[in-house]
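Notes follow the structure.
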Amino acid sequence: MKGKVVIALGGNALQDKDMVPTAESQLNAVRKTASYIADIIKEGYSVIVTHGNGPQVGNIVIQNETASNIIPAMPFDVCGAESQGMIGYMIQQCLGEVFKEKNIQKDVATIVTQVVVDKGDAAFLHPTKPIGPFYSKEEAELLEKEKGYQMVEDSGRGYRRVVASPEPKEIVELNTIKLLERNGVVVITAGGGGIPVIRENGSLKGVAAVIDKDLASEKLAEDLDADILLILTAVEKVYINYKKPDEKPLDVISSHDIEKYLSEGHFAEGSMMPKVKAAIRFARSRKGRRAIITSLEKAYDALSGKTGTVVVDA
């Protein structure tokens, strides 16, 4: 085995932004993604797959809210679980098809994954993640009063509910994931950053929050003692001064140097920032580990050292 890799799939790996998000179009996008993952597995890597769920869970919330006068809407943590099952099913099915084509003898399993967060996390005091549909000011005020939602005006387009984005602390199903991975199963897990839960009176309780999927993937990679965290996004490399005349791609870089660029504000909060934070954490977690940020299409080449931004501890 060449090493253990946690592959964190970005939204572009699951849904073509230029296509209507039908089941068919999403399956077509996932089939392409599955082929890239299969090539990595065929090369001899043990692979664990994580993924985002931003557009999908948002669509599920909209469907719930739209039909709430007919069927009661499900809470946000349940919607997150629905999105994990849906996306996991698509990846699982497509990987199975590609494995047959490439003669790869592997089983695939999706784990609906809960991730413990701290109910005292400061993020709960300042929710920032918008979810669900847009509302008028009057509708937003009614939701605040009746359901206790926190609503904010969103760029002149209306009002949206916002939820917290707390830090991932513990992956509940970790032992199950380890058992499957040790037995050669390709595991799809921690979808959308995991379903956020808190420990309360000895039990787990779902909360309305969004855990960043890159930070959850990093936590998983550490806990599984992975060698590589491969974060896949829409660009081949991380840039400083992005889309400016003096933009510069980053190749192999120390965690210290990229952290300096992070502190200087080079990486957007809702885009590259969490990926860079996750890469820094993973590179520093154990000697010899590396985090790679690259595009889906360049994933195989990046693992071979031909491209991508590679963060190492120095």
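Each chain in the structure tokens gets a letter, A, B, ..., in the order shown, and its residues are numbered from 1; ligands are numbered from 1 in order too.
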
Might you pull out every residue within 9 Å of stretch 201-209 of chain A, with only C-alpha atoms counted and same-chain residues fewer than 4 positions away left off, and present them as a PDB file with N, CA and C atoms, in the first residue's frame?
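around.pdb, written as the output of this step:
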```
ATOM      1  N   PRO A  75     -36.090  19.114  10.996  1.00  0.00           N
ATOM      2  CA  PRO A  75     -35.063  20.022  11.509  1.00  0.00           C
ATOM      3  C   PRO A  75     -33.785  19.934  10.677  1.00  0.00           C
ATOM      4  N   PHE A  76     -32.922  20.919  10.827  1.00  0.00           N
ATOM      5  CA  PHE A  76     -31.766  21.046   9.939  1.00  0.00           C
ATOM      6  C   PHE A  76     -30.802  19.865  10.052  1.00  0.00           C
ATOM      7  N   ASP A  77     -30.622  19.321  11.266  1.00  0.00           N
ATOM      8  CA  ASP A  77     -29.703  18.186  11.398  1.00  0.00           C
ATOM      9  C   ASP A  77     -30.218  16.968  10.634  1.00  0.00           C
ATOM     10  N   VAL A  78     -31.532  16.785  10.597  1.00  0.00           N
ATOM     11  CA  VAL A  78     -32.113  15.677   9.844  1.00  0.00           C
ATOM     12  C   VAL A  78     -31.929  15.909   8.340  1.00  0.00           C
ATOM     13  N   GLN A 114     -22.001  11.340  12.502  1.00  0.00           N
ATOM     14  CA  GLN A 114     -22.239  12.414  13.462  1.00  0.00           C
ATOM     15  C   GLN A 114     -20.890  12.954  13.949  1.00  0.00           C
ATOM     16  N   VAL A 116     -19.278  15.453  16.917  1.00  0.00           N
ATOM     17  CA  VAL A 116     -19.551  16.182  18.159  1.00  0.00           C
ATOM     18  C   VAL A 116     -18.929  17.574  18.101  1.00  0.00           C
ATOM     19  N   LYS A 119     -21.080  22.609  22.766  1.00  0.00           N
ATOM     20  CA  LYS A 119     -22.233  23.514  22.835  1.00  0.00           C
ATOM     21  C   LYS A 119     -21.847  24.893  23.355  1.00  0.00           C
ATOM     22  N   PHE A 124     -21.669  29.591  18.235  1.00  0.00           N
ATOM     23  CA  PHE A 124     -23.114  29.574  18.463  1.00  0.00           C
ATOM     24  C   PHE A 124     -23.644  30.950  18.868  1.00  0.00           C
ATOM     25  N   PRO A 127     -23.841  33.207  14.718  1.00  0.00           N
ATOM     26  CA  PRO A 127     -24.104  32.389  13.523  1.00  0.00           C
ATOM     27  C   PRO A 127     -23.792  33.159  12.246  1.00  0.00           C
ATOM     28  N   LYS A 129     -23.479  31.135   8.891  1.00  0.00           N
ATOM     29  CA  LYS A 129     -23.697  30.324   7.693  1.00  0.00           C
ATOM     30  C   LYS A 129     -25.149  30.418   7.221  1.00  0.00           C
ATOM     31  N   VAL A 162     -29.523  32.003   9.406  1.00  0.00           N
ATOM     32  CA  VAL A 162     -28.103  31.713   9.577  1.00  0.00           C
ATOM     33  C   VAL A 162     -27.921  30.782  10.773  1.00  0.00           C
ATOM     34  N   VAL A 163     -26.954  29.873  10.648  1.00  0.00           N
ATOM     35  CA  VAL A 163     -26.630  28.949  11.735  1.00  0.00           C
ATOM     36  C   VAL A 163     -25.140  29.039  12.034  1.00  0.00           C
ATOM     37  N   ALA A 164     -24.737  28.455  13.140  1.00  0.00           N
ATOM     38  CA  ALA A 164     -23.346  28.506  13.582  1.00  0.00           C
ATOM     39  C   ALA A 164     -22.467  27.544  12.774  1.00  0.00           C
ATOM     40  N   SER A 165     -21.165  27.797  12.812  1.00  0.00           N
ATOM     41  CA  SER A 165     -20.192  26.898  12.190  1.00  0.00           C
ATOM     42  C   SER A 165     -19.123  26.540  13.235  1.00  0.00           C
ATOM     43  N   PRO A 166     -19.453  25.622  14.152  1.00  0.00           N
ATOM     44  CA  PRO A 166     -18.531  25.269  15.236  1.00  0.00           C
ATOM     45  C   PRO A 166     -17.408  24.328  14.787  1.00  0.00           C
ATOM     46  N   ILE A 195     -22.918  15.443  10.659  1.00  0.00           N
ATOM     47  CA  ILE A 195     -24.112  15.978  11.313  1.00  0.00           C
ATOM     48  C   ILE A 195     -23.677  16.496  12.682  1.00  0.00           C
ATOM     49  N   PRO A 196     -23.814  17.802  12.951  1.00  0.00           N
ATOM     50  CA  PRO A 196     -23.349  18.333  14.232  1.00  0.00           C
ATOM     51  C   PRO A 196     -24.242  17.897  15.390  1.00  0.00           C
ATOM     52  N   VAL A 197     -23.617  17.327  16.404  1.00  0.00           N
ATOM     53  CA  VAL A 197     -24.345  16.890  17.597  1.00  0.00           C
ATOM     54  C   VAL A 197     -23.595  17.374  18.838  1.00  0.00           C
TER      55      VAL A 197
END
```

Which residues in stretch 95-301 of chain A does DSSP call strand (DSSP E or B)? List them as a VMD selection string. chain A and resid 108 to 110 114 to 116 129 to 135 151 to 153 159 to 164 170 to 171 186 to 188 195 to 200 203 to 206 209 228 to 233 239 to 240 248 to 249 252 to 254 290 to 295

Residue contacts of A:Leu27 (12 Å, only C-alpha atoms) excluding same-chain residues fewer than 3 positions away, as a compact mmCIF listing (two decimals) with C-alpha atoms, in the first residue's frame:
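Full text of out.txt as output:
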```txt
# COMPACT_ATOMS: atom_id res chain seq x y z
CA ALA A 13 -17.02 17.11 -7.79
CA LEU A 14 -20.69 16.53 -7.01
CA GLN A 15 -22.61 19.03 -9.09
CA ASP A 16 -21.94 20.96 -12.28
CA MET A 19 -26.43 22.47 -14.93
CA PRO A 21 -29.38 20.19 -10.13
CA THR A 22 -31.44 17.20 -11.20
CA ALA A 23 -30.63 13.69 -9.99
CA GLU A 24 -29.38 12.82 -13.46
CA VAL A 30 -20.29 12.05 -9.65
CA ARG A 31 -19.47 9.43 -12.33
CA LYS A 32 -16.58 11.60 -13.55
CA THR A 33 -15.42 12.06 -9.97
CA ALA A 34 -15.59 8.32 -9.30
CA MET A 86 -28.29 10.94 -0.96
CA ILE A 87 -24.76 11.98 -1.92
CA GLY A 88 -23.21 8.87 -0.39
CA TYR A 89 -25.58 6.69 -2.42
CA MET A 90 -24.57 8.45 -5.63
CA ILE A 91 -20.83 8.15 -4.94
CA GLN A 92 -21.25 4.54 -3.80
CA GLN A 93 -23.17 3.56 -6.92
CA CYS A 94 -20.81 5.33 -9.31
CA LEU A 95 -17.68 3.91 -7.66
CA GLU A 97 -19.71 0.90 -11.66
```

What lies within 7 Å of A:Val112 using only C-alpha atoms, ignoring chain neighbours under 5 positions off, as a PyMOL selection string? chain A and resi 81+84-85+189

Env of A:Val310: 6 Å cut, atoms = only C-alpha atoms, seq-sep filter 3 positions within chain, self excluded. Answer as a ChimeraX atom specification. /A:252,291-292

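Distance-wise, atom CA of A:Gly80 and atom CA of A:Ala216 end up 14.4 Å apart.
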
If we count only C-alpha atoms, what is near A:Gln105 at a cut-off of 12 Å, once residues fewer than 2 positions away on the same chain are taken out, given as a list of chain:residue names?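 What passes the distance filter is A:Ala38, A:Ile41, A:Lys42, A:Leu95, A:Gly96, A:Glu97, A:Val98, A:Phe99, A:Lys100, A:Glu101, A:Lys102, A:Asn103, A:Asp107, A:Val108, A:Gly184, A:Val185, A:Val186.
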
Residues as selected, C-alpha atoms, written as a PDB file, in the first residue's frame, can you do that?
```
ATOM      1  CA  ALA A  38     -10.671   4.814  -8.865  1.00  0.00           C
ATOM      2  CA  ILE A  41      -7.127   3.413  -5.620  1.00  0.00           C
ATOM      3  CA  LYS A  42      -5.730   1.372  -8.516  1.00  0.00           C
ATOM      4  CA  LEU A  95     -17.683   3.912  -7.665  1.00  0.00           C
ATOM      5  CA  GLY A  96     -19.174   0.443  -7.925  1.00  0.00           C
ATOM      6  CA  GLU A  97     -19.715   0.897 -11.661  1.00  0.00           C
ATOM      7  CA  VAL A  98     -16.210   2.285 -12.244  1.00  0.00           C
ATOM      8  CA  PHE A  99     -14.609  -0.483 -10.149  1.00  0.00           C
ATOM      9  CA  LYS A 100     -16.199  -3.062 -12.448  1.00  0.00           C
ATOM     10  CA  GLU A 101     -14.902  -1.231 -15.527  1.00  0.00           C
ATOM     11  CA  LYS A 102     -11.372  -0.979 -14.125  1.00  0.00           C
ATOM     12  CA  ASN A 103     -11.371  -4.455 -12.548  1.00  0.00           C
ATOM     13  CA  ASP A 107     -16.408  -2.792  -1.617  1.00  0.00           C
ATOM     14  CA  VAL A 108     -17.817   0.673  -0.900  1.00  0.00           C
ATOM     15  CA  GLY A 184     -10.184  -2.791   2.556  1.00  0.00           C
ATOM     16  CA  VAL A 185     -13.553  -1.060   2.198  1.00  0.00           C
ATOM     17  CA  VAL A 186     -13.654   2.364   0.542  1.00  0.00           C
TER      18      VAL A 186
END
```

Would you compute the distance between atom CA of A:Arg182 and atom CA of A:Ile7? Give it in Å to one decimal. 16.7 Å

Determine which residues of stretch 111-304 of chain A receive a DSSP assignment of helix (DSSP H, G or I), computed from the backbone, and state them as a PyMOL selection string. chain A and resi 122-125+137-147+174-182+191-193+213-223+255-263+273-285+296-303

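Surrounding stretch 270-273 of chain A within 8 Å are Val238, Leu262 and Lys277 of chain A, with only C-alpha atoms counted and residues fewer than 4 positions along the same chain left out.
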
What gap, in Å, lies between atom CA of A:Thr110 and atom CA of A:Val187?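 It comes out at 5.9 Å.
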